[in-house]
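Structure data follow from target_14.txt (compact mmCIF, N, CA and C atoms):
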```txt
# COMPACT_ATOMS: atom_id res chain seq x y z
N MET A 4 -17.04 22.98 -9.27
CA MET A 4 -17.62 21.87 -8.55
C MET A 4 -16.52 21.11 -7.83
N GLN A 5 -16.79 20.73 -6.59
CA GLN A 5 -15.83 19.94 -5.84
C GLN A 5 -16.34 18.51 -5.73
N PHE A 6 -15.42 17.59 -5.86
CA PHE A 6 -15.75 16.18 -5.80
C PHE A 6 -15.32 15.63 -4.44
N LYS A 7 -16.28 15.29 -3.60
CA LYS A 7 -16.00 14.83 -2.25
C LYS A 7 -15.72 13.33 -2.18
N LYS A 8 -16.36 12.55 -3.07
CA LYS A 8 -16.18 11.10 -3.09
C LYS A 8 -15.69 10.69 -4.47
N ILE A 9 -14.45 10.27 -4.52
CA ILE A 9 -13.82 9.93 -5.80
C ILE A 9 -13.52 8.44 -5.83
N LEU A 10 -13.89 7.80 -6.93
CA LEU A 10 -13.52 6.41 -7.18
C LEU A 10 -12.42 6.41 -8.22
N CYS A 11 -11.31 5.78 -7.91
CA CYS A 11 -10.20 5.69 -8.86
C CYS A 11 -9.90 4.21 -9.12
N ALA A 12 -10.20 3.77 -10.33
CA ALA A 12 -9.94 2.39 -10.72
C ALA A 12 -8.51 2.30 -11.24
N VAL A 13 -7.76 1.33 -10.73
CA VAL A 13 -6.36 1.18 -11.14
C VAL A 13 -6.06 -0.25 -11.56
N ASP A 14 -5.24 -0.36 -12.59
CA ASP A 14 -4.74 -1.67 -13.01
C ASP A 14 -3.22 -1.70 -12.92
N PHE A 15 -2.65 -0.69 -12.26
CA PHE A 15 -1.23 -0.54 -12.01
C PHE A 15 -0.42 -0.21 -13.26
N SER A 16 -1.09 0.12 -14.35
CA SER A 16 -0.39 0.57 -15.55
C SER A 16 0.08 2.02 -15.32
N PRO A 17 1.02 2.50 -16.15
CA PRO A 17 1.46 3.89 -16.00
C PRO A 17 0.32 4.90 -16.08
N SER A 18 -0.63 4.68 -16.98
CA SER A 18 -1.74 5.63 -17.10
C SER A 18 -2.65 5.58 -15.88
N ALA A 19 -2.82 4.40 -15.28
CA ALA A 19 -3.65 4.28 -14.08
C ALA A 19 -2.96 4.95 -12.89
N LEU A 20 -1.65 4.82 -12.79
CA LEU A 20 -0.92 5.48 -11.71
C LEU A 20 -0.98 6.99 -11.85
N GLN A 21 -0.93 7.46 -13.09
CA GLN A 21 -1.07 8.90 -13.32
C GLN A 21 -2.48 9.36 -12.95
N ALA A 22 -3.48 8.57 -13.28
CA ALA A 22 -4.86 8.89 -12.92
C ALA A 22 -5.01 8.95 -11.40
N PHE A 23 -4.34 8.04 -10.69
CA PHE A 23 -4.38 8.05 -9.23
C PHE A 23 -3.84 9.37 -8.69
N GLY A 24 -2.77 9.86 -9.29
CA GLY A 24 -2.22 11.17 -8.89
C GLY A 24 -3.22 12.29 -9.09
N PHE A 25 -3.93 12.26 -10.22
CA PHE A 25 -4.96 13.27 -10.47
C PHE A 25 -6.09 13.16 -9.45
N ALA A 26 -6.49 11.94 -9.14
CA ALA A 26 -7.56 11.73 -8.15
C ALA A 26 -7.15 12.27 -6.79
N LEU A 27 -5.89 12.04 -6.40
CA LEU A 27 -5.40 12.57 -5.13
C LEU A 27 -5.45 14.09 -5.12
N ASP A 28 -5.02 14.72 -6.20
CA ASP A 28 -5.04 16.18 -6.27
C ASP A 28 -6.47 16.73 -6.14
N LEU A 29 -7.40 16.09 -6.85
CA LEU A 29 -8.79 16.53 -6.78
C LEU A 29 -9.36 16.36 -5.37
N ALA A 30 -9.04 15.23 -4.75
CA ALA A 30 -9.54 14.99 -3.39
C ALA A 30 -8.93 15.97 -2.39
N ARG A 31 -7.65 16.28 -2.56
CA ARG A 31 -7.00 17.27 -1.67
C ARG A 31 -7.70 18.61 -1.78
N GLN A 32 -7.95 19.05 -3.01
CA GLN A 32 -8.59 20.35 -3.24
C GLN A 32 -9.97 20.42 -2.59
N ALA A 33 -10.69 19.31 -2.59
CA ALA A 33 -12.06 19.30 -2.09
C ALA A 33 -12.17 18.80 -0.65
N GLY A 34 -11.06 18.34 -0.08
CA GLY A 34 -11.14 17.72 1.24
C GLY A 34 -11.99 16.46 1.19
N GLY A 35 -11.88 15.75 0.08
CA GLY A 35 -12.72 14.58 -0.15
C GLY A 35 -12.03 13.28 0.21
N SER A 36 -12.68 12.18 -0.15
CA SER A 36 -12.15 10.85 0.11
C SER A 36 -12.02 10.09 -1.22
N ILE A 37 -11.17 9.08 -1.20
CA ILE A 37 -10.92 8.29 -2.41
C ILE A 37 -11.12 6.81 -2.10
N THR A 38 -11.78 6.13 -3.03
CA THR A 38 -11.82 4.67 -3.04
C THR A 38 -10.94 4.24 -4.20
N VAL A 39 -9.88 3.49 -3.90
CA VAL A 39 -8.99 2.99 -4.94
C VAL A 39 -9.41 1.55 -5.20
N LEU A 40 -9.80 1.28 -6.45
CA LEU A 40 -10.39 -0.01 -6.82
C LEU A 40 -9.52 -0.74 -7.83
N HIS A 41 -9.30 -2.03 -7.56
CA HIS A 41 -8.65 -2.90 -8.53
C HIS A 41 -9.58 -4.07 -8.80
N ILE A 42 -9.79 -4.36 -10.07
CA ILE A 42 -10.68 -5.45 -10.46
C ILE A 42 -9.85 -6.57 -11.06
N ILE A 43 -10.10 -7.79 -10.62
CA ILE A 43 -9.45 -8.96 -11.19
C ILE A 43 -10.47 -9.63 -12.08
N GLU A 44 -10.18 -9.67 -13.38
CA GLU A 44 -11.12 -10.23 -14.35
C GLU A 44 -10.91 -11.70 -14.61
N TRP A 45 -9.76 -12.23 -14.33
CA TRP A 45 -9.46 -13.62 -14.65
C TRP A 45 -10.31 -14.54 -13.80
N LEU A 46 -10.91 -15.54 -14.41
CA LEU A 46 -11.74 -16.54 -13.73
C LEU A 46 -12.92 -15.92 -13.01
N THR A 47 -13.61 -15.03 -13.67
CA THR A 47 -14.70 -14.35 -13.00
C THR A 47 -16.06 -14.95 -13.30
N GLU A 48 -16.31 -15.33 -14.52
CA GLU A 48 -17.64 -15.78 -14.91
C GLU A 48 -17.91 -17.21 -14.50
N GLU A 49 -16.96 -18.07 -14.77
CA GLU A 49 -17.18 -19.49 -14.49
C GLU A 49 -15.83 -20.14 -14.22
N ASP A 50 -15.68 -20.70 -13.05
CA ASP A 50 -14.43 -21.36 -12.71
C ASP A 50 -14.32 -22.69 -13.44
N PRO A 51 -13.15 -22.98 -14.00
CA PRO A 51 -12.97 -24.31 -14.58
C PRO A 51 -12.88 -25.34 -13.47
N ARG A 52 -13.12 -26.57 -13.82
CA ARG A 52 -12.97 -27.63 -12.82
C ARG A 52 -11.54 -27.65 -12.30
N SER A 53 -11.38 -27.90 -11.04
CA SER A 53 -10.04 -27.92 -10.45
C SER A 53 -9.25 -29.11 -10.96
N HIS A 54 -8.04 -28.87 -11.27
CA HIS A 54 -7.09 -29.91 -11.65
C HIS A 54 -6.45 -30.39 -10.35
N PRO A 55 -6.10 -31.65 -10.24
CA PRO A 55 -5.53 -32.14 -8.98
C PRO A 55 -4.33 -31.32 -8.49
N HIS A 56 -3.59 -30.73 -9.42
CA HIS A 56 -2.40 -29.98 -9.02
C HIS A 56 -2.61 -28.48 -9.10
N PHE A 57 -3.83 -28.07 -9.30
CA PHE A 57 -4.10 -26.64 -9.45
C PHE A 57 -5.45 -26.32 -8.83
N LYS A 58 -5.45 -25.65 -7.71
CA LYS A 58 -6.68 -25.29 -7.02
C LYS A 58 -7.07 -23.87 -7.41
N VAL A 59 -8.15 -23.74 -8.16
CA VAL A 59 -8.58 -22.45 -8.68
C VAL A 59 -8.88 -21.47 -7.56
N SER A 60 -9.58 -21.92 -6.53
CA SER A 60 -9.95 -21.02 -5.44
C SER A 60 -8.71 -20.48 -4.73
N GLU A 61 -7.70 -21.31 -4.54
CA GLU A 61 -6.46 -20.85 -3.91
C GLU A 61 -5.73 -19.84 -4.80
N PHE A 62 -5.74 -20.10 -6.10
CA PHE A 62 -5.07 -19.17 -7.01
C PHE A 62 -5.79 -17.83 -7.05
N ARG A 63 -7.13 -17.86 -7.06
CA ARG A 63 -7.90 -16.61 -7.01
C ARG A 63 -7.57 -15.81 -5.76
N GLU A 64 -7.47 -16.49 -4.63
CA GLU A 64 -7.14 -15.80 -3.38
C GLU A 64 -5.72 -15.23 -3.44
N HIS A 65 -4.81 -15.96 -4.08
CA HIS A 65 -3.45 -15.45 -4.27
C HIS A 65 -3.47 -14.17 -5.11
N LEU A 66 -4.25 -14.16 -6.19
CA LEU A 66 -4.37 -12.95 -7.02
C LEU A 66 -4.92 -11.78 -6.22
N ALA A 67 -5.93 -12.03 -5.41
CA ALA A 67 -6.54 -10.98 -4.60
C ALA A 67 -5.54 -10.45 -3.56
N ASP A 68 -4.81 -11.34 -2.91
CA ASP A 68 -3.81 -10.92 -1.92
C ASP A 68 -2.73 -10.08 -2.56
N ASP A 69 -2.27 -10.51 -3.73
CA ASP A 69 -1.25 -9.76 -4.46
C ASP A 69 -1.75 -8.36 -4.82
N ALA A 70 -2.99 -8.26 -5.30
CA ALA A 70 -3.56 -6.96 -5.65
C ALA A 70 -3.70 -6.08 -4.42
N ARG A 71 -4.12 -6.66 -3.29
CA ARG A 71 -4.24 -5.89 -2.05
C ARG A 71 -2.88 -5.33 -1.61
N GLU A 72 -1.84 -6.14 -1.74
CA GLU A 72 -0.49 -5.69 -1.38
C GLU A 72 -0.05 -4.53 -2.26
N LYS A 73 -0.32 -4.63 -3.57
CA LYS A 73 0.05 -3.55 -4.49
C LYS A 73 -0.73 -2.28 -4.18
N LEU A 74 -2.04 -2.41 -3.91
CA LEU A 74 -2.84 -1.24 -3.55
C LEU A 74 -2.33 -0.61 -2.27
N HIS A 75 -2.04 -1.44 -1.29
CA HIS A 75 -1.57 -0.92 -0.01
C HIS A 75 -0.24 -0.19 -0.18
N ALA A 76 0.66 -0.73 -0.99
CA ALA A 76 1.94 -0.07 -1.24
C ALA A 76 1.73 1.27 -1.94
N LEU A 77 0.80 1.31 -2.87
CA LEU A 77 0.49 2.55 -3.59
C LEU A 77 -0.05 3.60 -2.64
N VAL A 78 -0.97 3.21 -1.80
CA VAL A 78 -1.62 4.13 -0.87
C VAL A 78 -0.68 4.52 0.27
N ALA A 79 0.18 3.62 0.68
CA ALA A 79 1.09 3.88 1.80
C ALA A 79 2.03 5.04 1.51
N GLU A 80 2.27 5.33 0.25
CA GLU A 80 3.16 6.43 -0.11
C GLU A 80 2.51 7.79 0.11
N GLU A 81 1.21 7.80 0.32
CA GLU A 81 0.48 9.06 0.47
C GLU A 81 0.15 9.33 1.93
N PRO A 82 0.44 10.55 2.40
CA PRO A 82 0.03 10.88 3.76
C PRO A 82 -1.49 10.96 3.82
N GLN A 83 -2.08 10.32 4.81
CA GLN A 83 -3.53 10.27 4.88
C GLN A 83 -4.08 11.19 5.98
N THR A 84 -3.36 12.23 6.26
CA THR A 84 -3.83 13.18 7.27
C THR A 84 -4.94 14.07 6.72
N TRP A 85 -5.04 14.18 5.43
CA TRP A 85 -6.00 15.10 4.81
C TRP A 85 -7.25 14.40 4.28
N THR A 86 -7.21 13.08 4.18
CA THR A 86 -8.34 12.37 3.59
C THR A 86 -8.37 10.90 4.02
N THR A 87 -9.44 10.24 3.65
CA THR A 87 -9.55 8.80 3.82
C THR A 87 -9.34 8.14 2.47
N ILE A 88 -8.49 7.13 2.43
CA ILE A 88 -8.29 6.37 1.20
C ILE A 88 -8.67 4.93 1.50
N GLN A 89 -9.69 4.44 0.81
CA GLN A 89 -10.15 3.08 1.00
C GLN A 89 -9.62 2.21 -0.15
N GLU A 90 -9.11 1.05 0.18
CA GLU A 90 -8.58 0.12 -0.82
C GLU A 90 -9.58 -1.02 -1.02
N VAL A 91 -9.96 -1.28 -2.29
CA VAL A 91 -10.96 -2.30 -2.60
C VAL A 91 -10.45 -3.18 -3.74
N VAL A 92 -10.55 -4.49 -3.56
CA VAL A 92 -10.22 -5.46 -4.62
C VAL A 92 -11.45 -6.33 -4.82
N VAL A 93 -11.89 -6.45 -6.09
CA VAL A 93 -13.06 -7.27 -6.40
C VAL A 93 -12.77 -8.12 -7.64
N PHE A 94 -13.59 -9.15 -7.83
CA PHE A 94 -13.55 -9.97 -9.03
C PHE A 94 -14.76 -9.61 -9.89
N GLY A 95 -14.60 -9.61 -11.20
CA GLY A 95 -15.72 -9.36 -12.09
C GLY A 95 -15.25 -8.70 -13.38
N ARG A 96 -16.22 -8.33 -14.19
CA ARG A 96 -15.93 -7.57 -15.41
C ARG A 96 -15.62 -6.14 -15.00
N ALA A 97 -14.53 -5.61 -15.49
CA ALA A 97 -14.03 -4.33 -15.02
C ALA A 97 -15.07 -3.22 -15.11
N HIS A 98 -15.69 -3.06 -16.27
CA HIS A 98 -16.62 -1.93 -16.42
C HIS A 98 -17.83 -2.09 -15.51
N ARG A 99 -18.30 -3.31 -15.33
CA ARG A 99 -19.46 -3.54 -14.46
C ARG A 99 -19.11 -3.25 -13.00
N GLU A 100 -17.93 -3.69 -12.58
CA GLU A 100 -17.53 -3.49 -11.18
C GLU A 100 -17.23 -2.03 -10.87
N VAL A 101 -16.66 -1.31 -11.83
CA VAL A 101 -16.43 0.12 -11.61
C VAL A 101 -17.76 0.82 -11.37
N LEU A 102 -18.74 0.54 -12.22
CA LEU A 102 -20.05 1.18 -12.07
C LEU A 102 -20.76 0.74 -10.79
N ARG A 103 -20.63 -0.54 -10.44
CA ARG A 103 -21.28 -1.03 -9.22
C ARG A 103 -20.69 -0.38 -7.97
N VAL A 104 -19.35 -0.36 -7.90
CA VAL A 104 -18.69 0.22 -6.73
C VAL A 104 -18.94 1.73 -6.68
N ALA A 105 -18.97 2.38 -7.83
CA ALA A 105 -19.27 3.83 -7.86
C ALA A 105 -20.66 4.09 -7.29
N ALA A 106 -21.63 3.28 -7.68
CA ALA A 106 -22.99 3.46 -7.18
C ALA A 106 -23.06 3.17 -5.68
N GLU A 107 -22.43 2.09 -5.23
CA GLU A 107 -22.46 1.72 -3.82
C GLU A 107 -21.79 2.76 -2.94
N SER A 108 -20.71 3.35 -3.43
CA SER A 108 -19.98 4.34 -2.63
C SER A 108 -20.49 5.76 -2.86
N GLN A 109 -21.49 5.89 -3.73
CA GLN A 109 -22.07 7.19 -4.08
C GLN A 109 -20.99 8.17 -4.55
N ALA A 110 -20.13 7.67 -5.43
CA ALA A 110 -19.03 8.48 -5.94
C ALA A 110 -19.53 9.67 -6.75
N ASP A 111 -18.89 10.80 -6.55
CA ASP A 111 -19.18 12.00 -7.33
C ASP A 111 -18.42 12.00 -8.66
N LEU A 112 -17.33 11.23 -8.70
CA LEU A 112 -16.45 11.23 -9.86
C LEU A 112 -15.73 9.89 -9.96
N ILE A 113 -15.59 9.40 -11.18
CA ILE A 113 -14.79 8.20 -11.46
C ILE A 113 -13.55 8.66 -12.22
N VAL A 114 -12.38 8.28 -11.73
CA VAL A 114 -11.12 8.63 -12.38
C VAL A 114 -10.46 7.33 -12.83
N MET A 115 -10.10 7.28 -14.12
CA MET A 115 -9.45 6.10 -14.68
C MET A 115 -8.39 6.53 -15.68
N GLY A 116 -7.36 5.73 -15.81
CA GLY A 116 -6.37 5.96 -16.84
C GLY A 116 -6.79 5.25 -18.11
N ALA A 117 -6.41 5.79 -19.25
CA ALA A 117 -6.71 5.17 -20.54
C ALA A 117 -5.40 4.71 -21.16
N GLN A 118 -5.38 3.48 -21.64
CA GLN A 118 -4.17 2.90 -22.21
C GLN A 118 -3.84 3.44 -23.59
N GLY A 119 -4.81 3.99 -24.26
CA GLY A 119 -4.56 4.49 -25.60
C GLY A 119 -4.56 3.40 -26.66
N ARG A 120 -5.22 2.29 -26.37
CA ARG A 120 -5.33 1.22 -27.37
C ARG A 120 -6.21 1.76 -28.49
N GLY A 121 -5.83 1.52 -29.68
CA GLY A 121 -6.63 2.04 -30.78
C GLY A 121 -6.84 1.01 -31.86
N GLY A 122 -7.57 1.41 -32.88
CA GLY A 122 -7.76 0.58 -34.05
C GLY A 122 -8.30 -0.79 -33.76
N LEU A 123 -7.59 -1.79 -34.27
CA LEU A 123 -8.02 -3.18 -34.16
C LEU A 123 -8.10 -3.64 -32.70
N GLY A 124 -7.14 -3.24 -31.88
CA GLY A 124 -7.14 -3.64 -30.47
C GLY A 124 -8.39 -3.16 -29.75
N LEU A 125 -8.79 -1.93 -30.01
CA LEU A 125 -10.00 -1.38 -29.39
C LEU A 125 -11.23 -2.10 -29.90
N THR A 126 -11.26 -2.40 -31.18
CA THR A 126 -12.40 -3.11 -31.77
C THR A 126 -12.53 -4.52 -31.21
N LEU A 127 -11.42 -5.23 -31.09
CA LEU A 127 -11.45 -6.61 -30.61
C LEU A 127 -11.68 -6.73 -29.11
N PHE A 128 -11.03 -5.87 -28.34
CA PHE A 128 -11.05 -6.04 -26.90
C PHE A 128 -11.89 -4.99 -26.18
N GLY A 129 -12.20 -3.89 -26.84
CA GLY A 129 -12.98 -2.84 -26.19
C GLY A 129 -12.11 -2.06 -25.22
N SER A 130 -12.70 -1.11 -24.59
CA SER A 130 -12.01 -0.28 -23.65
C SER A 130 -12.86 -0.17 -22.39
N THR A 131 -12.28 -0.53 -21.27
CA THR A 131 -13.01 -0.40 -20.00
C THR A 131 -13.42 1.05 -19.79
N THR A 132 -12.51 1.97 -20.06
CA THR A 132 -12.81 3.38 -19.88
C THR A 132 -13.97 3.79 -20.76
N GLU A 133 -13.97 3.33 -22.00
CA GLU A 133 -15.06 3.65 -22.92
C GLU A 133 -16.38 3.05 -22.43
N GLN A 134 -16.36 1.82 -21.94
CA GLN A 134 -17.57 1.18 -21.47
C GLN A 134 -18.13 1.84 -20.22
N VAL A 135 -17.24 2.32 -19.34
CA VAL A 135 -17.71 3.01 -18.14
C VAL A 135 -18.30 4.35 -18.55
```

Would you mind giving the structure from this file in structure tokens?
Amino acid sequence: MQFKKILCAVDFSPSALQAFGFALDLARQAGGSITVLHIIEWLTEEDPRSHPHFKVSEFREHLADDAREKLHALVAEEPQTWTTIQEVVVFGRAHREVLRVAAESQADLIVMGAQGRGGLGLTLFGSTTEQV
């Protein structure tokens, strides 16, 4: 089976960068396209009231700009003569946004890196990969 539309969620960890490499290889083999997705979870559900010296909306935009720059740098290293690579940054719960963007883009495959958190850490915090 060839995967023409691949969604690759990245958090810039070593395992996510490795997953991005796998997604690129799969897309090359199939002549497919990739959507590279980064989700910002901080301040997603409910914004705290703004402090006079701290503007939440400005900080959120700073986080989004920073993530876009990192995604662009990651993608810029890849020649795009063989495929289309779309860069997407969203706010929300990671597992929900991965599934939402996958559905919207009609992805054939979701590629994610796993951190290997186990035991108590997995029980307390869960795993985005597991939830997806």

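The coordinates place CA of Gln5 (chain A) at 16.9 Å from atom N of Ile88 (chain A).
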
Next on the checklist: So that I can check the surroundings of Ala26 (chain A), please list as a ChimeraX atom specification every protein, DNA and RNA residue that reaches within 8 Å of it, counting all atoms listed in the file and ignoring chain neighbours fewer than 6 positions away.
Outcome noted: /A:9-11,20,32,36-37,113-115

How about saving the chosen residues, N, CA and C atoms kept, as a PDB file, keeping the file's coordinate frame?
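Below you can see out03.pdb, which holds the result:
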```
ATOM      1  N   ILE A   9     -14.450  10.270  -4.520  1.00  0.00           N
ATOM      2  CA  ILE A   9     -13.820   9.930  -5.800  1.00  0.00           C
ATOM      3  C   ILE A   9     -13.520   8.440  -5.830  1.00  0.00           C
ATOM      4  N   LEU A  10     -13.890   7.800  -6.930  1.00  0.00           N
ATOM      5  CA  LEU A  10     -13.520   6.410  -7.180  1.00  0.00           C
ATOM      6  C   LEU A  10     -12.420   6.410  -8.220  1.00  0.00           C
ATOM      7  N   CYS A  11     -11.310   5.780  -7.910  1.00  0.00           N
ATOM      8  CA  CYS A  11     -10.200   5.690  -8.860  1.00  0.00           C
ATOM      9  C   CYS A  11      -9.900   4.210  -9.120  1.00  0.00           C
ATOM     10  N   LEU A  20      -1.650   4.820 -12.790  1.00  0.00           N
ATOM     11  CA  LEU A  20      -0.920   5.480 -11.710  1.00  0.00           C
ATOM     12  C   LEU A  20      -0.980   6.990 -11.850  1.00  0.00           C
ATOM     13  N   GLN A  32      -7.950  19.050  -3.010  1.00  0.00           N
ATOM     14  CA  GLN A  32      -8.590  20.350  -3.240  1.00  0.00           C
ATOM     15  C   GLN A  32      -9.970  20.420  -2.590  1.00  0.00           C
ATOM     16  N   SER A  36     -12.680  12.180  -0.150  1.00  0.00           N
ATOM     17  CA  SER A  36     -12.150  10.850   0.110  1.00  0.00           C
ATOM     18  C   SER A  36     -12.020  10.090  -1.220  1.00  0.00           C
ATOM     19  N   ILE A  37     -11.170   9.080  -1.200  1.00  0.00           N
ATOM     20  CA  ILE A  37     -10.920   8.290  -2.410  1.00  0.00           C
ATOM     21  C   ILE A  37     -11.120   6.810  -2.100  1.00  0.00           C
ATOM     22  N   ILE A 113     -15.590   9.400 -11.180  1.00  0.00           N
ATOM     23  CA  ILE A 113     -14.790   8.200 -11.460  1.00  0.00           C
ATOM     24  C   ILE A 113     -13.550   8.660 -12.220  1.00  0.00           C
ATOM     25  N   VAL A 114     -12.380   8.280 -11.730  1.00  0.00           N
ATOM     26  CA  VAL A 114     -11.120   8.630 -12.380  1.00  0.00           C
ATOM     27  C   VAL A 114     -10.460   7.330 -12.830  1.00  0.00           C
ATOM     28  N   MET A 115     -10.100   7.280 -14.120  1.00  0.00           N
ATOM     29  CA  MET A 115      -9.450   6.100 -14.680  1.00  0.00           C
ATOM     30  C   MET A 115      -8.390   6.530 -15.680  1.00  0.00           C
TER      31      MET A 115
END
```

Item to check | Gap from atom N of Ala30 (chain A) to CA of Thr86 (chain A) - Å, one decimal | outcome: 8.8 Å

Checklist entry - When DSSP works through the backbone of this structure, what residues of region 14-111 of chain A end up as strand (DSSP E or B), shown as a PyMOL selection string? => result chain A and resi 36-43+54+57+88-94

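Counting all atoms listed in the file, the residue from A:Ala19, A:Leu40, A:Glu133, A:Ala70 that sits nearest to Val101 (chain A) is A:Leu40.
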
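Nearest residue to Thr131 (chain A), choosing from A:Asp14, A:Val59, A:Gln89, A:Arg99 and counting all atoms listed in the file: A:Arg99.
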
Starting from the incomplete input, reconstruct all heavy atoms of region 86-93 of chain A and write that as an mmCIF file, in the coordinates of the input.
```cif
data_model
loop_
_atom_site.group_PDB
_atom_site.id
_atom_site.type_symbol
_atom_site.label_atom_id
_atom_site.label_comp_id
_atom_site.auth_asym_id
_atom_site.auth_seq_id
_atom_site.Cartn_x
_atom_site.Cartn_y
_atom_site.Cartn_z
ATOM 1 N N THR A 86 -7.210 13.080 4.180
ATOM 2 C CA THR A 86 -8.340 12.370 3.590
ATOM 3 C C THR A 86 -8.370 10.900 4.020
ATOM 4 O O THR A 86 -7.434 10.405 4.622
ATOM 5 C CB THR A 86 -8.318 12.428 2.057
ATOM 6 O OG1 THR A 86 -9.567 11.947 1.546
ATOM 7 C CG2 THR A 86 -7.200 11.587 1.475
ATOM 8 N N THR A 87 -9.440 10.240 3.650
ATOM 9 C CA THR A 87 -9.550 8.800 3.820
ATOM 10 C C THR A 87 -9.340 8.140 2.470
ATOM 11 O O THR A 87 -9.944 8.567 1.483
ATOM 12 C CB THR A 87 -10.956 8.433 4.352
ATOM 13 O OG1 THR A 87 -11.171 9.112 5.574
ATOM 14 C CG2 THR A 87 -11.082 6.947 4.551
ATOM 15 N N ILE A 88 -8.490 7.130 2.430
ATOM 16 C CA ILE A 88 -8.290 6.370 1.200
ATOM 17 C C ILE A 88 -8.670 4.930 1.500
ATOM 18 O O ILE A 88 -8.060 4.284 2.348
ATOM 19 C CB ILE A 88 -6.834 6.447 0.700
ATOM 20 C CG1 ILE A 88 -6.418 7.887 0.465
ATOM 21 C CG2 ILE A 88 -6.687 5.620 -0.580
ATOM 22 C CD1 ILE A 88 -4.957 8.061 0.072
ATOM 23 N N GLN A 89 -9.690 4.440 0.810
ATOM 24 C CA GLN A 89 -10.150 3.080 1.000
ATOM 25 C C GLN A 89 -9.620 2.210 -0.150
ATOM 26 O O GLN A 89 -9.703 2.610 -1.316
ATOM 27 C CB GLN A 89 -11.679 3.025 1.026
ATOM 28 C CG GLN A 89 -12.227 1.641 1.215
ATOM 29 C CD GLN A 89 -13.747 1.606 1.173
ATOM 30 O OE1 GLN A 89 -14.396 2.585 0.838
ATOM 31 N NE2 GLN A 89 -14.302 0.467 1.512
ATOM 32 N N GLU A 90 -9.110 1.050 0.180
ATOM 33 C CA GLU A 90 -8.580 0.120 -0.820
ATOM 34 C C GLU A 90 -9.580 -1.020 -1.020
ATOM 35 O O GLU A 90 -9.999 -1.644 -0.052
ATOM 36 C CB GLU A 90 -7.252 -0.465 -0.330
ATOM 37 C CG GLU A 90 -6.221 0.592 0.010
ATOM 38 C CD GLU A 90 -5.077 0.039 0.839
ATOM 39 O OE1 GLU A 90 -4.754 -1.170 0.727
ATOM 40 O OE2 GLU A 90 -4.506 0.809 1.621
ATOM 41 N N VAL A 91 -9.960 -1.280 -2.290
ATOM 42 C CA VAL A 91 -10.960 -2.300 -2.600
ATOM 43 C C VAL A 91 -10.450 -3.180 -3.740
ATOM 44 O O VAL A 91 -10.010 -2.654 -4.770
ATOM 45 C CB VAL A 91 -12.305 -1.667 -2.984
ATOM 46 C CG1 VAL A 91 -13.319 -2.736 -3.360
ATOM 47 C CG2 VAL A 91 -12.835 -0.790 -1.862
ATOM 48 N N VAL A 92 -10.550 -4.490 -3.560
ATOM 49 C CA VAL A 92 -10.220 -5.460 -4.620
ATOM 50 C C VAL A 92 -11.450 -6.330 -4.820
ATOM 51 O O VAL A 92 -12.014 -6.857 -3.853
ATOM 52 C CB VAL A 92 -9.013 -6.345 -4.240
ATOM 53 C CG1 VAL A 92 -8.781 -7.426 -5.290
ATOM 54 C CG2 VAL A 92 -7.766 -5.495 -4.057
ATOM 55 N N VAL A 93 -11.890 -6.450 -6.090
ATOM 56 C CA VAL A 93 -13.060 -7.270 -6.400
ATOM 57 C C VAL A 93 -12.770 -8.120 -7.640
ATOM 58 O O VAL A 93 -11.855 -7.829 -8.403
ATOM 59 C CB VAL A 93 -14.327 -6.411 -6.639
ATOM 60 C CG1 VAL A 93 -14.710 -5.652 -5.389
ATOM 61 C CG2 VAL A 93 -14.145 -5.473 -7.812
#
```
